[in-house]
>>> print(open('query27.cif').read())   # mmCIF, C-alpha atoms
data_target
loop_
_atom_site.label_atom_id
_atom_site.label_comp_id
_atom_site.auth_asym_id
_atom_site.auth_seq_id
_atom_site.Cartn_x
_atom_site.Cartn_y
_atom_site.Cartn_z
CA MET A 87 74.26 -19.91 -7.98
CA THR A 88 70.91 -21.59 -8.59
CA LYS A 89 69.36 -21.73 -12.04
CA TYR A 90 66.67 -19.33 -10.83
CA HIS A 91 69.22 -16.69 -9.80
CA ASP A 92 71.07 -17.13 -13.09
CA VAL A 93 67.82 -16.52 -15.00
CA ARG A 94 66.99 -13.48 -12.90
CA ASN A 95 70.42 -11.97 -13.58
CA GLN A 96 70.10 -12.65 -17.30
CA LEU A 97 66.75 -10.86 -17.30
CA LEU A 98 68.27 -7.90 -15.44
CA ASP A 99 71.07 -7.76 -18.05
CA ARG A 100 68.44 -7.77 -20.78
CA LEU A 101 66.57 -4.93 -19.07
CA ASP A 102 69.72 -2.79 -19.15
CA GLN A 103 69.41 -2.78 -22.95
CA MET A 104 65.66 -2.08 -23.01
CA SER A 105 63.65 1.13 -22.85
CA ALA A 106 60.53 1.71 -20.77
CA GLY A 107 57.59 0.03 -22.49
CA ASP A 108 59.64 -2.53 -24.44
CA PRO A 109 58.14 -6.04 -24.20
CA PHE A 110 59.85 -9.28 -23.23
CA PRO A 111 59.50 -12.09 -25.79
CA PRO A 112 56.56 -14.45 -25.23
CA GLU A 113 57.06 -16.65 -22.17
CA ARG A 114 57.46 -19.88 -24.15
CA ASP A 115 60.08 -18.33 -26.45
CA LEU A 116 61.98 -16.70 -23.60
CA ALA A 117 62.07 -19.92 -21.55
CA GLN A 118 63.42 -21.81 -24.55
CA GLU A 119 66.01 -19.10 -25.24
CA LEU A 120 67.27 -19.21 -21.63
CA GLY A 121 67.09 -23.00 -21.41
CA VAL A 122 64.83 -23.12 -18.34
CA SER A 123 61.35 -24.27 -17.45
CA ARG A 124 58.48 -21.82 -17.68
CA MET A 125 57.95 -22.23 -13.92
CA THR A 126 61.52 -21.06 -13.21
CA LEU A 127 61.10 -18.17 -15.65
CA ARG A 128 57.83 -17.08 -14.03
CA ARG A 129 59.44 -17.08 -10.60
CA ALA A 130 62.24 -14.81 -11.84
CA ILE A 131 59.76 -12.48 -13.55
CA ASP A 132 57.63 -12.37 -10.38
CA GLU A 133 60.66 -11.02 -8.51
CA LEU A 134 61.24 -8.36 -11.19
CA VAL A 135 57.57 -7.36 -10.91
CA ALA A 136 57.94 -7.03 -7.12
CA ARG A 137 61.09 -4.92 -7.62
CA GLY A 138 59.25 -2.57 -9.97
CA ALA A 139 61.55 -3.41 -12.89
CA VAL A 140 58.82 -4.83 -15.14
CA ARG A 141 55.05 -4.81 -15.37
CA ARG A 142 52.91 -7.80 -16.24
CA ARG A 143 49.81 -6.92 -18.28
CA HIS A 144 47.18 -9.63 -18.36
CA GLY A 145 46.85 -11.01 -21.86
CA ALA A 146 49.55 -8.71 -23.24
CA GLY A 147 52.82 -9.89 -21.71
CA VAL A 148 55.66 -8.43 -19.62
CA PHE A 149 57.02 -4.94 -20.25
CA ALA A 150 60.08 -3.03 -19.03
CA LEU A 151 59.40 -0.10 -16.72
CA GLY A 152 62.82 1.51 -17.03
CA PRO A 153 64.98 2.60 -14.08
CA LYS A 154 63.33 4.08 -11.00
CA LEU A 155 63.40 7.86 -10.72
CA ASP A 156 65.65 8.75 -7.80
CA GLN A 157 64.66 11.70 -5.62
CA PRO A 158 67.60 13.66 -4.19
CA LEU A 159 66.89 15.24 -0.83
CA LEU A 160 67.02 18.78 -2.16
CA ALA A 161 64.47 21.59 -2.21
CA SER A 162 63.31 21.45 -5.81
CA SER A 163 59.95 21.28 -7.51
CA PHE A 164 58.65 18.21 -9.29
CA SER A 165 58.85 20.06 -12.61
CA GLU A 166 62.48 21.09 -12.07
CA ASP A 167 63.38 17.56 -11.05
CA MET A 168 61.80 15.96 -14.14
CA ARG A 169 63.31 18.50 -16.55
CA ALA A 170 66.76 17.82 -15.06
CA ARG A 171 66.29 14.16 -16.01
CA GLY A 172 65.33 15.01 -19.58
CA LEU A 173 61.67 14.12 -18.92
CA ARG A 174 58.63 16.25 -19.72
CA PRO A 175 56.81 17.19 -16.50
CA GLY A 176 53.05 17.42 -16.46
CA ALA A 177 50.19 18.01 -14.05
CA ARG A 178 46.50 17.25 -14.33
CA THR A 179 44.13 18.81 -11.79
CA LEU A 180 41.94 16.23 -10.07
CA ALA A 181 40.23 18.52 -7.53
CA PHE A 182 40.18 22.22 -6.59
CA GLU A 183 38.66 23.45 -3.32
CA VAL A 184 38.52 26.52 -1.09
CA LEU A 185 37.83 25.52 2.52
CA PRO A 186 38.65 26.39 6.16
CA ALA A 187 42.15 25.38 7.18
CA GLY A 188 41.11 23.48 10.27
CA ALA A 189 43.39 22.79 13.23
CA ARG A 190 46.00 20.60 11.47
CA PHE A 191 46.57 22.77 8.41
CA GLY A 192 46.25 25.92 10.49
CA ARG A 193 49.25 24.76 12.54
CA ARG A 194 51.21 23.79 9.45
CA LEU A 195 50.60 27.13 7.74
CA ASN A 196 50.58 29.29 10.88
CA ILE A 197 47.09 30.64 10.20
CA ASP A 198 43.82 30.64 12.15
CA PRO A 199 41.87 27.36 11.76
CA SER A 200 38.94 29.36 10.39
CA ALA A 201 41.09 31.05 7.72
CA GLU A 202 40.65 29.75 4.19
CA ILE A 203 43.11 27.63 2.25
CA THR A 204 43.15 26.62 -1.39
CA ARG A 205 43.59 22.89 -1.86
CA VAL A 206 44.62 21.57 -5.25
CA THR A 207 44.93 17.84 -5.86
CA ARG A 208 46.98 17.04 -8.94
CA LEU A 209 48.25 14.00 -10.79
CA ARG A 210 51.95 14.55 -11.52
CA LEU A 211 53.26 13.09 -14.77
CA ALA A 212 56.64 12.36 -16.34
CA ASP A 213 56.45 11.92 -20.12
CA ASP A 214 52.70 11.38 -19.63
CA GLU A 215 53.26 8.51 -17.14
CA PRO A 216 51.53 8.98 -13.75
CA ILE A 217 54.17 9.24 -11.03
CA ALA A 218 52.51 10.88 -8.00
CA VAL A 219 49.29 12.25 -6.55
CA GLU A 220 49.97 15.62 -4.97
CA GLU A 221 47.74 17.57 -2.57
CA LEU A 222 48.86 21.21 -2.42
CA ASN A 223 47.51 23.43 0.40
CA VAL A 224 48.11 27.19 0.10
CA PRO A 225 46.91 30.02 2.42
CA ARG A 226 44.07 31.70 0.53
CA HIS A 227 45.33 35.19 1.36
CA LEU A 228 48.66 34.45 -0.34
CA MET A 229 47.09 33.87 -3.78
CA PRO A 230 43.39 34.79 -3.62
CA ASP A 231 43.09 34.71 -7.43
CA LEU A 232 44.46 31.18 -7.84
CA HIS A 233 42.32 29.03 -10.15
CA ALA A 234 42.41 25.37 -11.14
CA ALA A 235 43.59 26.12 -14.67
CA ASP A 236 46.63 28.03 -13.32
CA LEU A 237 48.31 24.80 -12.22
CA GLU A 238 47.43 22.62 -15.19
CA ASP A 239 50.83 21.44 -16.48
CA ARG A 240 52.57 24.21 -14.48
CA SER A 241 54.87 24.40 -11.50
CA PHE A 242 53.47 26.10 -8.40
CA TYR A 243 56.95 27.46 -7.64
CA ASP A 244 57.14 29.04 -11.11
CA LEU A 245 53.72 30.60 -10.50
CA LEU A 246 54.89 32.02 -7.16
CA ARG A 247 57.92 33.65 -8.78
CA GLU A 248 55.96 35.06 -11.70
CA ARG A 249 53.02 36.50 -9.77
CA LEU A 250 54.48 37.38 -6.39
CA GLY A 251 58.25 37.40 -6.88
CA ILE A 252 58.53 34.83 -4.08
CA SER A 253 60.92 31.89 -3.97
CA VAL A 254 61.00 29.08 -1.44
CA ARG A 255 63.85 29.60 1.03
CA ARG A 256 63.34 26.70 3.44
CA SER A 257 61.44 23.42 3.54
CA VAL A 258 60.94 20.66 6.08
CA GLN A 259 59.98 17.30 4.64
CA THR A 260 59.14 13.89 6.05
CA ILE A 261 59.04 10.62 4.10
CA GLU A 262 57.40 7.36 5.09
CA PRO A 263 56.24 4.17 3.37
CA THR A 264 52.55 3.53 2.82
CA VAL A 265 50.15 1.72 0.50
CA LEU A 266 47.65 3.16 -1.97
CA ASP A 267 43.90 3.12 -1.47
CA SER A 268 41.49 2.40 -4.32
CA ASP A 269 41.22 6.01 -5.58
CA GLU A 270 44.98 6.63 -5.41
CA ALA A 271 45.76 3.33 -7.14
CA LYS A 272 43.27 4.13 -9.90
CA ASP A 273 44.78 7.59 -10.47
CA LEU A 274 48.30 6.14 -10.64
CA ASN A 275 47.24 3.14 -12.74
CA VAL A 276 48.63 0.53 -10.33
CA PRO A 277 47.02 -2.29 -8.31
CA LEU A 278 45.20 -1.60 -5.04
CA HIS A 279 47.49 -1.52 -1.98
CA SER A 280 50.59 -1.01 -4.12
CA PRO A 281 53.56 0.33 -2.10
CA ALA A 282 54.15 4.07 -2.18
CA LEU A 283 56.26 6.78 -0.60
CA MET A 284 54.38 9.54 1.22
CA PHE A 285 56.07 12.96 1.31
CA GLU A 286 54.79 15.74 3.57
CA ARG A 287 56.48 19.12 3.12
CA THR A 288 56.04 22.58 4.62
CA SER A 289 57.83 25.45 2.84
CA TRP A 290 58.55 29.03 3.84
CA GLY A 291 59.35 32.18 1.84
CA PRO A 292 62.19 34.70 2.30
CA GLU A 293 60.37 36.56 5.09
CA GLY A 294 59.65 33.35 6.99
CA GLN A 295 56.03 33.22 5.86
CA PRO A 296 54.54 29.73 5.28
CA ILE A 297 53.84 29.22 1.58
CA GLU A 298 52.57 25.68 1.26
CA PHE A 299 51.87 22.37 2.90
CA VAL A 300 52.10 19.51 0.41
CA ARG A 301 51.24 15.84 0.79
CA SER A 302 52.42 13.68 -2.11
CA LEU A 303 52.14 9.97 -2.79
CA TYR A 304 54.81 8.61 -5.14
CA ARG A 305 54.61 5.20 -6.76
CA GLY A 306 56.94 2.80 -4.99
CA ASP A 307 57.66 0.93 -8.21
CA ARG A 308 58.87 4.08 -9.98
CA TYR A 309 60.56 6.13 -7.26
CA LYS A 310 63.42 5.80 -4.83
CA ILE A 311 65.28 8.18 -2.49
CA ARG A 312 68.90 9.16 -3.07
CA THR A 313 71.05 10.76 -0.38
CA GLU A 314 74.61 11.98 -0.47
CA LEU A 315 76.35 11.53 2.87
CA SER A 316 79.33 13.59 3.99
CA VAL A 317 81.80 12.19 6.52
CA PRO A 318 82.92 14.78 9.15
CA ALA A 319 86.62 15.66 8.93
CA ASN A 320 87.42 14.35 12.43
CA THR A 321 85.84 11.00 11.51
CA VAL A 322 88.00 10.78 8.38
CA GLU A 323 91.10 11.41 10.50
CA GLU A 324 90.07 8.67 12.93
CA ILE A 325 89.53 6.20 10.08
CA SER A 326 92.83 7.04 8.43
#
>>> encode(input="query27.cif", output="structure tokens")
Amino acid sequence: MTKYHDVRNQLLDRLDQMSAGDPFPPERDLAQELGVSRMTLRRAIDELVARGAVRRRHGAGVFALGPKLDQPLLASSFSEDMRARGLRPGARTLAFEVLPAGARFGRRLNIDPSAEITRVTRLRLADDEPIAVEELNVPRHLMPDLHAADLEDRSFYDLLRERLGISVRRSVQTIEPTVLDSDEAKDLNVPLHSPALMFERTSWGPEGQPIEFVRSLYRGDRYKIRTELSVPANTVEEIS
């Protein structure tokens, strides 16, 4: 194992004992403590920055980001997911519009392209840290009295249950990698062209009616996907 890899692993061990926001010692002190050159230390830290394990703040130092939030492939709201992790979910409305659906959203929501939709763009937070930018599109006829303030720090799914007695019964979601443009990066407080995960989800209610089409951009340095894979019984028999 090279000295560089040894340093990287020592830093990863140190991170296991740190909380999000905790700083590393100053570079000179840390290099001396680990018995390596500052160039070797910087290379190891650069890798941790690329992994999303730490953040380098110009003039302030290097800070732990904490473990990535893993997203199970289950139909749950952002708020439910964060509360299950012991984090405080939040939402700040960035834009609120009522506009014609157009061809693309009309197909997604099974409505006429000229029918109106309500589009709400929100910044989703976990313990006040920006995690995702979410664009929620809802058929206007479903909730004609929806206002921007209704979704400030609230779950849309909770609002559906409270006002209409509707719960999501089925969702289809796609996930693909992307990079953030200048506005998205500014909202999420990360550098331009940072990696991100783009989720697009269409959800239906108990009667098969489309409820929402959502496009979300999650920070690549703070989010990962977790799947649980089941092995078919006949495959297990073949292996054994």
>>> closest_residue(input="query27.cif", among="A:Gly121, A:Gly306, A:Pro111, A:Pro296", to="A:His227", atoms="all atoms listed in the file")
A:Pro296
>>> closest_residue(input="query27.cif", among="A:Glu113, A:Glu238, A:Glu221, A:Glu270", to="A:Glu183", atoms="all atoms listed in the file")
A:Glu221
>>> residues_around(input="query27.cif", residues="stretch 138-147 of chain A", least_positions_apart="3", cutoff="10 Å", atoms="only C-alpha atoms", output="MDAnalysis selection string")
chainID A and resid 98 101 106:113 131:135 150:154 276 305:309
>>> atom_distance(input="query27.cif", atom1="atom CA of A:Phe285", atom2="atom CA of A:Tyr304")
7.9 Å
>>> resolve_selection(input="query27.cif", expression="the PyMOL selection byres ((chain A and resi 222) around 6)", output="list of chain:residue names")
A:Arg205, A:Val206, A:Glu221, A:Asn223, A:Val300
>>> residues_around(input="query27.cif", residues="A:Lys89", least_positions_apart="6", cutoff="12 Å", atoms="all atoms listed in the file", output="list of chain:residue names")
A:Asn95, A:Gln96, A:Leu120, A:Gly121, A:Val122, A:Ser123, A:Met125, A:Thr126, A:Leu127, A:Arg129, A:Ala130
>>> atom_distance(input="query27.cif", atom1="atom CA of A:Arg100", atom2="atom CA of A:Pro216")
24.8 Å
>>> resolve_selection(input="query27.cif", expression="the PyMOL selection byres ((chain A and resi 258) around 10)", output="number ranges by chain")
A: 161, 256-257, 259-260, 286-290, 299
>>> resolve_selection(input="query27.cif", expression="the PyMOL selection byres ((chain A and resi 269) around 12)", output="list in words")
Leu180, Leu209, Val219, Val265, Leu266, Asp267, Ser268, Glu270, Ala271, Lys272, Asp273, Leu274, Asn275, Val276, Pro277, Leu278, His279, Ser280 and Leu303 of chain A
>>> closest_residue(input="query27.cif", among="A:Arg194, A:Arg226, A:Arg94, A:Arg128", to="A:Val148", atoms="only C-alpha atoms")
A:Arg128
>>> decode(input="query27.cif", residues="stretch 103-135 of chain A", atoms="C-alpha atoms", output="JSON list (two decimals), in the first residue's frame")
[["chain", "number", "residue", "atom", "x", "y", "z"],
["A", 103, "GLN", "CA", -15.53, 9.56, 14.44],
["A", 104, "MET", "CA", -16.58, 13.00, 13.18],
["A", 105, "SER", "CA", -19.96, 14.65, 12.76],
["A", 106, "ALA", "CA", -21.10, 16.69, 9.77],
["A", 107, "GLY", "CA", -19.52, 20.14, 9.96],
["A", 108, "ASP", "CA", -16.55, 19.11, 12.13],
["A", 109, "PRO", "CA", -13.26, 20.55, 10.81],
["A", 110, "PHE", "CA", -10.01, 18.74, 10.08],
["A", 111, "PRO", "CA", -6.96, 20.17, 11.86],
["A", 112, "PRO", "CA", -4.98, 22.77, 9.87],
["A", 113, "GLU", "CA", -3.14, 21.21, 6.93],
["A", 114, "ARG", "CA", 0.33, 21.75, 8.40],
["A", 115, "ASP", "CA", -0.65, 20.17, 11.73],
["A", 116, "LEU", "CA", -2.43, 17.24, 10.09],
["A", 117, "ALA", "CA", 0.50, 16.49, 7.77],
["A", 118, "GLN", "CA", 2.87, 16.50, 10.72],
["A", 119, "GLU", "CA", 0.54, 14.27, 12.75],
["A", 120, "LEU", "CA", 0.33, 11.72, 9.92],
["A", 121, "GLY", "CA", 4.02, 11.95, 9.07],
["A", 122, "VAL", "CA", 3.53, 12.85, 5.40],
["A", 123, "SER", "CA", 4.22, 15.75, 3.08],
["A", 124, "ARG", "CA", 1.55, 18.37, 2.58],
["A", 125, "MET", "CA", 1.43, 17.41, -1.11],
["A", 126, "THR", "CA", 0.54, 13.80, -0.22],
["A", 127, "LEU", "CA", -2.06, 15.02, 2.28],
["A", 128, "ARG", "CA", -3.65, 17.35, -0.27],
["A", 129, "ARG", "CA", -3.92, 14.53, -2.80],
["A", 130, "ALA", "CA", -5.73, 12.34, -0.26],
["A", 131, "ILE", "CA", -8.06, 15.19, 0.72],
["A", 132, "ASP", "CA", -8.77, 15.91, -2.96],
["A", 133, "GLU", "CA", -10.04, 12.34, -3.31],
["A", 134, "LEU", "CA", -12.28, 12.74, -0.24],
["A", 135, "VAL", "CA", -13.66, 15.97, -1.73]]
